[in-house]
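Contents: one structure, followed by commentary.
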Amino acid sequence: MNKPRLIYYNDAHHFHGKRIEPPASIHMLQWPLDEVAGTGADCLVLGLGYGDVFFHNSKVGRVIGQKKDVWENYIDWRIMRMAEESFKKDTDQLREVIERGKQLGVSVFPSLKLQDNSNQYGERCGSLKWDRGKEVCIDEEGRAEWYYDFANETVRQYKLDLLREVLFDYRPDGIELDFMFGSDYFKKADVEKNTPVMTRFMAQVRELANEAGERQGREIPIMARVPLKREECLAMGLDVEAVFQEGSLDFVVGQDGNVVIDTGIQAKWLPDAANPAGGAAYYRPPRRVYDDRVGVPSIEMFRALGKTLEWQGYSGQYNGYFLWPFAEREYQILRELGYPEVYNRYTKRYMLSPREGVLGEPTTTPERQLPVELEEGQTASIKIWVADDVDGARADGEMRKPVLTVRYSYYCIEDEIETRFNGRVLSAEDAEINDERGLEIKTILRGGMDLQAPLGMSAHWFRYKLEISDVKRGENLLEIETKKQAPKADFARSVNGVEILMRYKDYVRPEGFDVERVNPMSG
């Protein structure tokens, strides 16, 4: 079974159905596949609708437009009209994308949302909940009232019937089970007791995929998208290790629930579960970055992440929701990320991200080190992960001096500070120092997103050209010792950004004379 190198997710909703002005042509129905064809993305995951309502011509589930005649929401009206027009052509969005994938050599995995919290008779309420109401729901006061209860055999059979229809009638290359649209699958007191029930459900999905594969003369892989943290999987009743051991799963995607990307993410348990069973693990990163230059990760950041994942045993990345329509940035990312062995010696930015959560409350990311406040007589020890094969590059003479950047918030130039990298003292006289008294971080946060670091500050950047021998593969130690603080400056100083730019003797086009500086206020 071929393991994808790079997976791209299109929910069929935000980046397709909403975009189509009726009537929907065949060309526009095929667009989710066409936009990734020819890139390094060799697998497209396509959502089957929103909530528990579908965009394909399902005979099992509720289809958009059923049980609703008048549309108050413009966007949902457009999606409904896409479905109507495609049905008139005796086709639908799902069928066209799958068939287009076969023509162009890109695997297509339809993605079924396993959970849904819509109220009965709501716009996104599915057929089972519409007919049965709370009889099929967890229905605990203040918790998961309208979530499906997977202890109920009727619920599990409904999901299997939806999968059977897709596997037999549409003949996709594989299927994705999306666990990420709800954290609860059983009553709170019954999670541990019902974990074997979820394991058995996964075995039934495997039996179904095998049955379809035998009739169609092929293997049909099963992918699951799950929380990145093991304890969150177990809290929903999903034992990923057990599912792999039983042979019920081929690919697993760990979805990072954090707000901003961290290129040194450590989550080795997923590949450790998948690889011994002959499976593969993938990582879905956050879509934002805490940075003063960009609000979404750059190619150098994605490369650094890719090497970190490769070293931990991941088979690749799972991306989605790129800025749309795709431009040069998006196509460069899609072209490169499937081949981490190719960008071994391309420029990379290994960077640390700040802690997340509401300021003043316990952080949701206790493993993160930044921001770190500087105090007189104290040494701040900051570890930064680099996954590059630096020894090999040094041996070949292909490494340029790495650049270490430290970003301070409210730095006092009259303080006495000593900076050390892996034990070597870095002289401030050798640093390139910049300051900006009205810095704005480019990250755009949505509701429920919180960072324990400022989005605006007075900032100083200290950039040091390290020696080629300084950086180690793995953990590197940055130490900032505050020996003395200016007595008349009583404001808090902190470090909220650390980055190592790895540079090699790769081929780079020379800059022209007309290259403009980036406007610090631009988006």
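In the structure tokens, chains take the letters A, B, ... in the order shown, each chain's residues start at 1, and ligands count up from 1 in the order shown.
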
Quiz prompt | Surrounding residues of Pro110 of chain A excluding itself and chain neighbours under 6 positions, 7 Å, only C-alpha atoms, as a list in words | solution =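 What passes the distance filter is Val45, Leu46, Gly47, Leu48, Ile175 and Glu176 of chain A.
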
Generate a file of the selected residues that holds C-alpha atoms, formatted as an mmCIF file, in the first residue's frame.
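Contents of out38.cif, freshly written:
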```cif
data_model
loop_
_atom_site.group_PDB
_atom_site.id
_atom_site.type_symbol
_atom_site.label_atom_id
_atom_site.label_comp_id
_atom_site.auth_asym_id
_atom_site.auth_seq_id
_atom_site.Cartn_x
_atom_site.Cartn_y
_atom_site.Cartn_z
ATOM 1 C CA VAL A 45 -8.931 14.522 1.391
ATOM 2 C CA LEU A 46 -12.382 15.891 0.551
ATOM 3 C CA GLY A 47 -15.008 16.638 3.177
ATOM 4 C CA LEU A 48 -18.423 15.056 2.674
ATOM 5 C CA ILE A 175 -11.520 6.884 3.339
ATOM 6 C CA GLU A 176 -10.861 9.277 6.235
#
```

Exercise. Using only C-alpha atoms, determine which residues lie at most 12 Å from Gly133 of chain A, disregarding the query and same-chain residues fewer than 6 positions distant; provide the list as a list of chain:residue names.
Key: A:Asn117, A:Ser118, A:Asn119, A:Gln120, A:Tyr121, A:Gly122, A:Cys125, A:Gly126, A:Ser127, A:Asp139, A:Glu145, A:Trp146, A:Tyr147, A:Tyr148, A:Asp149, A:Val155

Next, write the just-selected residues to a file, as a PDB file, in the first residue's frame, keeping C-alpha atoms as the atom set.
```pdb
ATOM      1  CA  ASN A 117     -23.563  18.678  17.762  1.00  0.00           C
ATOM      2  CA  SER A 118     -26.442  20.164  15.749  1.00  0.00           C
ATOM      3  CA  ASN A 119     -29.816  20.387  17.465  1.00  0.00           C
ATOM      4  CA  GLN A 120     -32.662  18.269  16.183  1.00  0.00           C
ATOM      5  CA  TYR A 121     -34.263  19.932  13.135  1.00  0.00           C
ATOM      6  CA  GLY A 122     -31.335  22.338  12.859  1.00  0.00           C
ATOM      7  CA  CYS A 125     -28.900  18.188  11.589  1.00  0.00           C
ATOM      8  CA  GLY A 126     -28.519  14.799   9.928  1.00  0.00           C
ATOM      9  CA  SER A 127     -31.247  12.321   9.089  1.00  0.00           C
ATOM     10  CA  ASP A 139     -27.719  14.028  26.312  1.00  0.00           C
ATOM     11  CA  GLU A 145     -26.269  17.295  24.800  1.00  0.00           C
ATOM     12  CA  TRP A 146     -26.731  16.798  21.061  1.00  0.00           C
ATOM     13  CA  TYR A 147     -23.575  14.776  20.320  1.00  0.00           C
ATOM     14  CA  TYR A 148     -24.087  11.285  18.926  1.00  0.00           C
ATOM     15  CA  ASP A 149     -23.623   8.531  21.525  1.00  0.00           C
ATOM     16  CA  VAL A 155     -25.388   5.406  15.679  1.00  0.00           C
TER      17      VAL A 155
END
```

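The space between atom CA of Val390 of chain A and atom CA of Ile265 of chain A spans 19.1 Å.
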
Quiz prompt | Distance in Å - atom CA of Gly316 of chain A versus atom CA of Asn496 of chain A | solution =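 One can read the atom CA of Gly316 of chain A to atom CA of Asn496 of chain A distance as 29.0 Å.
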
May I have a table of the residues of segment 243-334 of chain A lying at most 10 Å from segment 468-485 of chain A, giving each one's closest pair of atoms and their distance in Å to one decimal, counting only C-alpha atoms, ordered by chain and ascending residue number, as CSV?
```
residue,atom,partner,partner_atom,distance
A:Gly264,CA,A:Gly474,CA,9.5
A:Thr308,CA,A:Gly474,CA,9.2
A:Trp311,CA,A:Gly474,CA,9.7
```
